[in-house]
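Student: The structure that follows is given in the form of structure tokens.
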Amino acid sequence: MDNNTLVGLAGILASAAPVVFAAIGETITERAGITNLSINGLILLTAMAGFATSVTTGSLLLGFLVGALIGAFVSLIVAFSSIALKQSQVAVGFVLALMCRDLSYFLGNPYMGLSGPRVPSLPIPVLADIPVVGVLFFRQDILVYSSYILIAVAYIFVFKTRPGLMLQGIGEQPATAYVRGANVNRLRYIYTIIGGALVGMAGPMYSLSVKVGWKGTITGLDGIGWIALAITIFGGWNPLRAAFGAYLFVLLQWLGLVLQPSLPNIPSQVLQVAPFPLMILTLLLVNIGNSEWVDRTLAGLPEEVRRFIAKVLRAMRTTPPAALGIPFENE
Amino acid sequence: MLNKSSAGFKFGFQILAIVAALIFTTVVMLLAKAPPLEAYKLIFTGSVGSIGKISDVIVAWIPLLLATSGLLLTFAAGLWNIGIEGQITLGAIFTTWALRLLQDTSMSPTLIILIGFLAGILGGMIWASLTGLLKIYGGVNEIFGGLGLNFVATALTIWLIFGPWKRPGVGSMSGTVPFDNLLWLPQVEGLRMSWWSLGIGLIGIAIVYLILQGTYFGLRLKAVGKNGRAAFVIGIPTGKYMMSAFFICGAFAGLAGATQVLAVYHRLIPAISSGYGFLGLMVAMLINYQALWAAPVALFFAALNIGSIQLPIVLKLDSTLSGVLQGALVLFVLMMDGVRRRLTAKKVK
């Protein structure tokens, strides 16, 4: 592998870090049974606010803190509207997605095009010198390292710890979890806020590291949140698979850029959306196994073919937490 | 004493929500060190200050109203047709396509315009059917199928503008070559609005109102939306009804796209949908999916959009302020509705 490719791939790991944060944040929220549809606007708003904060105060840390706080607060609105006010999560989330986007453009106007601080690269001693692996994984900034840690921690938390099992419980069978002593709605608040804070980190990760600065509508972040939501489904509400989806998405975008010079007839905007049809296709593949007509059609096929297709479909298929989007009443 | 379940009580909460939204937007402006009163005044005079401005508001109102009309049907069927942006775009693309094919023939301009509208409707329906098929046969949630297709539609537009349909010389973001005056929907003398598109918009919402209020189809559609499983059990083919909702909504969206080409821009531009699809979703939520309110609320939203165009020119503020106000209105109305229900429920207990 030549050095350019290696640096390119390292760049993918770096550009995927915010997507990993957003997708895992949403995964945790949805595991608890709440769909937070606001994250597309949230990423834009926190990117702007994080950048504005860091430019004004000179502190990177404050930028991320503000991002996480805004993420937590907006997500709290979604949880509150759903749990306490019995409003549709999708409706409130969607309105917030649009409103946060417009807020970011309106409030970000004075910060357009300013130069600001950037999260410094932090090669890890010794590890960075390992051939190939060092360049790929260990000559990144602290955000990328955090994304590795987040993947591991989120996976272990959800699947290997007691609170993680409870988290699965309140999303799958809230009534059972309630009987076993879980305060379902309080936990849903907590996980929506935690998930929202993680999504809120994704914004500053862009504006202070991956795509430094704030450029209003041409910042190019509009759409990332929707992708992160699709990745959550693609990832089957599993942090590990969600992270894989995030890397896959960024890899596709990178390939689009790399292929651009050899396909001069196709405008760059077209290649940039290449991941979207693929995303639909993957969503189709992970969902189609759930359809009744597929079972019916398969039943008519020869045994061996049927078994093979059924196996492939089962391997890809994902099913959402059973109580996702359904309010819980403890009566 | 006020009866808590009375219409007056409900109305009071809606007023409260509007006040809250205004306060929120004002605070946002103060944060941006903008003069709120001046900004509101600009939005007001920028939308109703002159006949020309009012006509511009109507120009924006028509596609928004058409989009909202279509969405009322998908909402009735319990579907979140976020893909409407792409459906508007495909309508515009198909209309442009038809016009390009026919503009140099000897066909009468009236007929070409008519075919343009039909092509637009077809384009919207095709794009909507993709979301519908993905949802009903592929199990792909319509929100994600629709969103993905929105991005694809935008890419398709840009590819056409810079590729096969580019202006002589080099393609540009300003769109394709404008069509001849003869292929414009006739406008009112000296204004940008057209009585024809106004008629289409009003007939559109009237049709949707009638479908939802007065037909067996509408009734069954609502049954599908309220409780799909129960509807299926009593013998309603839910899949077919959902598909019909997508088709009709796609037709309305395509019509909106056709209007954008035939009556507004007279060419294909990159952002041809002008965001009216998403705005239509907001209007539908704000009116609690009641067709009766679609026209006035859509008109108000269109006025906010047109009025805010003045903000960057005069006050150097971003025009997305209208989006902030619209979002705040919907958010607070939804939340206040929840608060009211909570209070009412407590009383019943």
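Every chain in the structure tokens has a letter given in the order shown (A, B, ...), and although residue numbers restart at 1 in each chain, ligands are simply numbered from 1 in the order shown.
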Skip segment 120-123 of chain B itself and residues of its chain fewer than 6 positions away, then list as a PyMOL selection string all residues within 8 Å of it, counting only C-alpha atoms.

Tutor: chain B and resi 87+90-95+250-255+257-258

Student: Residues of chain B near chain A: apply a cut-off of 8 Å, count only C-alpha atoms, and supply the list as a PyMOL selection string.

Tutor: chain B and resi 28+31-32+134+137-140+144-145+147-149+151-152+155-156+158-159+162-163+282+285+317-321+323-324+326-328+330-331+334-335+337-339+341-342

Student: My list of candidates is A:Pro327, A:Ala47, A:Thr176, A:Glu26. Which is closest to Gly220 of chain A when distances are computed with only C-alpha atoms?

Tutor: A:Ala47

Student: Atom CA of Gly195 of chain A to atom CA of Phe137 of chain A: how many Å, to one decimal?

Tutor: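 So the answer is 25.2 Å.
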